[in-house]
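One file, work-v8.cif, carrying mmCIF, C-alpha atoms:
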data_model
loop_
_atom_site.label_atom_id
_atom_site.label_comp_id
_atom_site.auth_asym_id
_atom_site.auth_seq_id
_atom_site.Cartn_x
_atom_site.Cartn_y
_atom_site.Cartn_z
CA MET O 1 116.23 -47.02 -196.02
CA GLN O 2 114.47 -44.01 -197.55
CA PHE O 3 111.93 -42.52 -195.16
CA SER O 4 109.16 -42.41 -197.78
CA ALA O 5 109.67 -46.07 -198.71
CA GLY O 6 109.64 -47.05 -195.05
CA SER O 7 106.46 -45.05 -194.50
CA ALA O 8 104.75 -46.79 -197.42
CA LEU O 9 105.75 -50.21 -196.09
CA LEU O 10 104.55 -49.25 -192.64
CA ALA O 11 101.17 -48.13 -194.03
CA ILE O 12 100.77 -51.47 -195.82
CA LEU O 13 101.59 -53.38 -192.62
CA LEU O 14 99.11 -51.32 -190.61
CA LEU O 15 96.34 -51.87 -193.16
CA TRP O 16 97.04 -55.59 -193.30
CA SER O 17 97.13 -55.97 -189.53
CA GLY O 18 94.00 -53.89 -188.99
CA TRP O 19 91.91 -55.68 -191.61
CA ALA O 20 90.82 -58.50 -189.31
CA PRO O 21 92.95 -58.63 -186.15
CA PHE O 22 92.44 -61.31 -183.55
CA ASP O 23 91.18 -58.69 -181.09
CA ARG O 24 90.52 -55.08 -182.06
CA THR O 25 91.29 -53.63 -178.61
CA THR O 26 94.59 -55.52 -178.41
CA TRP O 27 95.49 -54.36 -181.90
CA LEU O 28 94.89 -50.72 -181.00
CA LEU O 29 96.91 -51.01 -177.79
CA GLU O 30 99.83 -52.69 -179.55
CA ILE O 31 100.05 -50.35 -182.53
CA PHE O 32 99.53 -47.17 -180.48
CA PRO O 33 103.30 -46.53 -180.10
CA VAL O 34 103.62 -46.73 -183.89
CA LEU O 35 100.79 -44.25 -184.37
CA LEU O 36 102.49 -41.96 -181.87
CA VAL O 37 106.11 -42.15 -183.03
CA TRP O 38 105.98 -42.38 -186.82
CA PRO O 39 104.04 -39.10 -187.39
CA LEU O 40 106.55 -37.39 -185.09
CA LEU O 41 109.42 -38.77 -187.15
CA TRP O 42 107.69 -37.64 -190.34
CA ARG O 43 107.27 -34.13 -188.99
CA CYS O 44 110.93 -33.94 -187.92
CA ARG O 45 112.45 -35.66 -190.97
CA GLN O 46 113.81 -32.36 -192.33
CA SER O 47 114.56 -30.43 -189.14
CA TYR O 48 116.04 -33.36 -187.21
CA PRO O 49 116.74 -36.32 -189.51
CA LEU O 50 117.95 -39.53 -187.93
CA THR O 51 120.56 -41.97 -189.19
CA ARG O 52 119.44 -44.53 -191.77
CA LEU O 53 120.35 -47.26 -189.30
CA LEU O 54 117.98 -45.87 -186.67
CA TYR O 55 115.14 -45.33 -189.16
CA SER O 56 115.49 -48.95 -190.32
CA LEU O 57 115.52 -50.29 -186.77
CA ILE O 58 112.49 -48.23 -185.80
CA LEU O 59 110.66 -49.70 -188.80
CA CYS O 60 111.63 -53.22 -187.68
CA HIS O 61 110.41 -52.47 -184.17
CA ALA O 62 107.14 -51.15 -185.59
CA ALA O 63 106.72 -54.36 -187.61
CA VAL O 64 107.16 -56.44 -184.45
CA LEU O 65 104.47 -54.40 -182.68
CA ILE O 66 102.11 -54.53 -185.66
CA LEU O 67 102.48 -58.30 -186.01
CA GLY O 68 101.84 -58.73 -182.30
CA GLY O 69 98.76 -56.56 -182.60
CA ALA O 70 97.38 -58.51 -185.54
CA TYR O 71 97.61 -61.94 -183.91
CA SER O 72 98.04 -61.00 -180.21
CA TYR O 73 101.50 -61.81 -178.86
CA ALA O 74 100.58 -65.25 -177.56
CA ARG O 75 99.35 -66.33 -181.02
CA VAL O 76 101.96 -65.01 -183.48
CA PRO O 77 102.96 -67.94 -185.76
CA LEU O 78 106.68 -67.10 -185.52
CA GLY O 79 106.41 -67.59 -181.77
CA PHE O 80 104.88 -71.04 -182.22
CA TRP O 81 107.71 -72.00 -184.57
CA LEU O 82 110.26 -70.87 -182.00
CA MET O 83 108.32 -72.67 -179.31
CA GLU O 84 108.57 -75.91 -181.30
CA TRP O 85 112.22 -75.47 -182.34
CA PHE O 86 113.45 -74.77 -178.80
CA ALA O 87 110.97 -77.02 -176.96
CA LEU O 88 109.52 -74.12 -174.98
CA ASP O 89 106.33 -74.29 -172.93
CA ARG O 90 104.97 -70.89 -174.08
CA ASN O 91 104.94 -68.71 -177.17
CA PRO O 92 108.04 -66.46 -176.79
CA TYR O 93 107.07 -63.79 -179.33
CA ASP O 94 106.42 -61.23 -176.59
CA LYS O 95 110.05 -61.58 -175.54
CA ILE O 96 111.09 -60.61 -179.08
CA GLY O 97 109.00 -57.49 -178.60
CA HIS O 98 110.67 -56.66 -175.30
CA LEU O 99 114.12 -57.40 -176.73
CA MET O 100 113.36 -54.82 -179.42
CA GLN O 101 112.11 -52.49 -176.69
CA GLY O 102 115.72 -52.29 -175.54
CA PHE O 103 117.52 -52.80 -178.86
CA VAL O 104 115.98 -49.84 -180.68
CA PRO O 105 115.34 -47.20 -177.99
CA VAL O 106 118.92 -47.48 -176.72
CA LEU O 107 120.23 -46.37 -180.13
CA ALA O 108 117.61 -43.62 -180.34
CA ALA O 109 118.71 -42.33 -176.94
CA ARG O 110 122.37 -42.73 -177.95
CA GLU O 111 121.80 -40.67 -181.09
CA ILE O 112 120.08 -37.86 -179.19
CA LEU O 113 122.67 -37.73 -176.40
CA LEU O 114 125.67 -37.84 -178.74
CA ARG O 115 124.32 -35.32 -181.25
CA GLY O 116 123.40 -32.91 -178.48
CA GLY O 117 126.71 -33.37 -176.67
CA TYR O 118 124.81 -33.96 -173.43
CA VAL O 119 127.15 -36.59 -171.99
CA GLN O 120 130.92 -36.63 -171.68
CA GLY O 121 132.67 -39.95 -171.22
CA LYS O 122 131.98 -43.32 -172.80
CA LYS O 123 131.30 -45.15 -169.55
CA MET O 124 128.81 -42.55 -168.34
CA LEU O 125 127.09 -42.66 -171.72
CA GLN O 126 126.68 -46.45 -171.56
CA PHE O 127 125.39 -46.27 -167.99
CA LEU O 128 122.83 -43.59 -168.78
CA LEU O 129 121.67 -45.40 -171.91
CA LEU O 130 120.96 -48.57 -169.95
CA CYS O 131 119.16 -46.52 -167.29
CA ILE O 132 117.00 -44.94 -170.00
CA VAL O 133 116.09 -48.32 -171.45
CA LEU O 134 115.14 -49.70 -168.04
CA ALA O 135 113.05 -46.60 -167.37
CA ILE O 136 111.21 -47.06 -170.69
CA SER O 137 110.66 -50.74 -169.95
CA ALA O 138 109.37 -50.00 -166.44
CA ALA O 139 107.04 -47.30 -167.80
CA TYR O 140 105.64 -49.76 -170.33
CA GLU O 141 105.03 -52.33 -167.61
CA LEU O 142 103.12 -49.68 -165.65
CA ILE O 143 101.03 -48.99 -168.75
CA GLU O 144 100.30 -52.71 -169.03
CA TRP O 145 99.29 -52.77 -165.36
CA ALA O 146 96.97 -49.79 -165.89
CA ALA O 147 95.43 -51.52 -168.91
CA ALA O 148 94.87 -54.66 -166.85
CA VAL O 149 93.12 -52.65 -164.13
CA MET O 150 90.90 -50.76 -166.59
CA LEU O 151 90.10 -53.60 -169.00
CA GLY O 152 90.00 -56.47 -166.53
CA GLN O 153 89.80 -59.83 -168.32
CA GLY O 154 89.94 -58.02 -171.65
CA ALA O 155 93.59 -57.12 -171.04
CA ASP O 156 94.81 -60.73 -171.12
CA GLU O 157 95.66 -60.62 -174.82
CA PHE O 158 97.50 -57.31 -174.44
CA LEU O 159 99.51 -58.52 -171.46
CA GLY O 160 100.41 -61.84 -173.08
CA THR O 161 101.66 -63.32 -169.80
CA GLN O 162 100.38 -66.81 -170.66
CA GLY O 163 100.27 -67.65 -166.97
CA TYR O 164 103.94 -66.81 -166.33
CA ALA O 165 104.26 -65.32 -162.84
CA TRP O 166 107.58 -63.55 -163.56
CA ASP O 167 106.57 -62.09 -166.91
CA THR O 168 107.12 -58.46 -165.87
CA GLN O 169 110.64 -59.09 -164.60
CA ALA O 170 111.48 -61.21 -167.66
CA ASP O 171 110.21 -58.45 -169.97
CA MET O 172 112.50 -55.89 -168.35
CA ALA O 173 115.43 -58.30 -168.46
CA PHE O 174 114.92 -58.86 -172.20
CA ALA O 175 114.77 -55.11 -172.79
CA LEU O 176 118.07 -54.74 -170.94
CA LEU O 177 119.56 -57.62 -172.94
CA GLY O 178 118.43 -55.98 -176.17
CA ALA O 179 120.08 -52.71 -175.17
CA VAL O 180 123.36 -54.41 -174.31
CA LEU O 181 123.36 -56.34 -177.60
CA ALA O 182 122.66 -53.19 -179.62
CA LEU O 183 125.51 -51.30 -177.96
CA LEU O 184 127.93 -54.19 -178.45
CA LEU O 185 126.98 -54.94 -182.04
CA LEU O 186 126.03 -51.60 -183.57
CA SER O 187 127.87 -48.77 -181.77
CA ARG O 188 130.68 -48.48 -184.35
CA TRP O 189 128.26 -48.64 -187.28
CA HIS O 190 126.10 -46.07 -185.53
CA ASP O 191 129.12 -43.80 -184.96
CA ARG O 192 130.00 -43.91 -188.67
CA GLN O 193 126.47 -42.92 -189.64
CA LEU O 194 126.44 -40.15 -187.06
CA CYS O 195 129.64 -38.78 -188.61
CA GLN O 196 128.05 -38.92 -192.08
CA LEU O 197 124.99 -37.11 -190.75
CA ALA O 198 127.15 -34.42 -189.16
CA SER O 199 129.12 -33.99 -192.40
CA ALA O 200 125.90 -33.57 -194.36
CA ASP O 201 124.78 -30.81 -191.98
CA VAL O 202 127.98 -28.79 -192.49
#
Once you've parsed the file, please lay out its structure as structure tokens.
Amino acid sequence: MQFSAGSALLAILLLWSGWAPFDRTTWLLEIFPVLLVWPLLWRCRQSYPLTRLLYSLILCHAAVLILGGAYSYARVPLGFWLMEWFALDRNPYDKIGHLMQGFVPVLAAREILLRGGYVQGKKMLQFLLLCIVLAISAAYELIEWAAAVMLGQGADEFLGTQGYAWDTQADMAFALLGAVLALLLLSRWHDRQLCQLASADV
């Protein structure tokens, strides 16, 4: 996907989601990573361009966050459909978000480590990538905890626990699952695009 086209789509999604979100504070908290990362990618698009695969996945991840911000995770319609289809007792949309929290960052970390030649050995690379994803997931859970402490009852929509006592552990498990799936399904495709990127730089 062209970066400019992705940026335009992202702007439209942000405007749509921010027009009348379920809760303005929740919306701001959920879209904050998008507001942080996308300008950085824009600034580095010439000096350190990423693979098209990674740009597309980051856009998908941003869309998941934006949708969760617009409705709040416990109220996203897709989650209610999944809840009905699989006879679940809670809206599982937040788990899609945490799955993406592993699926996309693991490829971003993989791209940085491989392009920089920071890691030698496939097994060590896989191990470090999973460690990075778990560290990101744990950091996000700490941010959620801090938000809960500062906002009190107002953080319920941001946390999206829906009364589930093991939500934090489940979130981290889904991030790990997302990372494993991305490595299993996309590593070869990612390698081909990395080779194309390297050839373009020569």
Atomic separation - CA of Lys122 (chain O) relative to CA of Lys95 (chain O), Å:
28.7 Å
For Gln196 (chain O), which of O:Gly6, O:Pro33, O:Arg75, O:Thr51 is the closest residue, counting all atoms listed in the file?
O:Thr51
Could you write out as an mmCIF file with C-alpha atoms, keeping the file's coordinate frame the residues that the PyMOL selection byres ((chain O and resi 129) around 9) matches in the shown file?
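out.cif, written as the output of this step:
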data_model
loop_
_atom_site.group_PDB
_atom_site.id
_atom_site.type_symbol
_atom_site.label_atom_id
_atom_site.label_comp_id
_atom_site.auth_asym_id
_atom_site.auth_seq_id
_atom_site.Cartn_x
_atom_site.Cartn_y
_atom_site.Cartn_z
ATOM 1 C CA PRO O 105 115.340 -47.200 -177.990
ATOM 2 C CA VAL O 106 118.920 -47.480 -176.720
ATOM 3 C CA LEU O 107 120.230 -46.370 -180.130
ATOM 4 C CA ALA O 109 118.710 -42.330 -176.940
ATOM 5 C CA ARG O 110 122.370 -42.730 -177.950
ATOM 6 C CA LEU O 113 122.670 -37.730 -176.400
ATOM 7 C CA MET O 124 128.810 -42.550 -168.340
ATOM 8 C CA LEU O 125 127.090 -42.660 -171.720
ATOM 9 C CA GLN O 126 126.680 -46.450 -171.560
ATOM 10 C CA PHE O 127 125.390 -46.270 -167.990
ATOM 11 C CA LEU O 128 122.830 -43.590 -168.780
ATOM 12 C CA LEU O 130 120.960 -48.570 -169.950
ATOM 13 C CA CYS O 131 119.160 -46.520 -167.290
ATOM 14 C CA ILE O 132 117.000 -44.940 -170.000
ATOM 15 C CA VAL O 133 116.090 -48.320 -171.450
ATOM 16 C CA LEU O 134 115.140 -49.700 -168.040
ATOM 17 C CA ALA O 179 120.080 -52.710 -175.170
#
Given all atoms listed in the file as the basis, pick out the residue of O:Val180, O:Met83, O:Leu54, O:Thr168 nearest to Leu41 (chain O).
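Smallest separation from Leu41 (chain O) among the options: O:Leu54.
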Separation of CA of Leu13 (chain O) from CA of Leu59 (chain O), in Å and rounded to one decimal:
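Distance between the two atoms: 10.5 Å.
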So what does the PyMOL selection byres ((chain O and resi 178) around 12) actually pick up in this one, as a count of residues only?
34
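The space separating CA of Glu141 (chain O) from CA of Ser17 (chain O) comes to 23.6 Å.
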Could you give me, as a list in words, the residues within 10 Å of Leu114 (chain O), counting only C-alpha atoms and dropping anything in the same chain fewer than 6 positions from it?
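Returned residues: Gln120, Leu125, Asp191 and Leu194 of chain O.
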All file atoms of region 32-41 of chain O boxed axis-aligned, 3 Å per side, centre plus edges, as JSON:
{"center_x": 104.5, "center_y": -42.3, "center_z": -183.7, "size_x": 15.9, "size_y": 15.8, "size_z": 13.3}
What's the 10 Å shell around Leu10 (chain O), counting all atoms listed in the file, without same-chain residues fewer than 3 positions away, as a ChimeraX atom specification?
/O:4-7,13-16,34,38,59-60,62-63,66
Which residues fall under the PyMOL selection byres ((chain O and resi 73) around 9) in this file, as a ChimeraX atom specification?
/O:65,67-72,74-76,79,91-94,97,157-160
Taking only C-alpha atoms into account, which of O:Tyr48, O:Leu53, O:Asp167, O:Ile136 comes nearest Ser187 (chain O)?
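Ranked by minimum distance to Ser187 (chain O), first place goes to O:Leu53.
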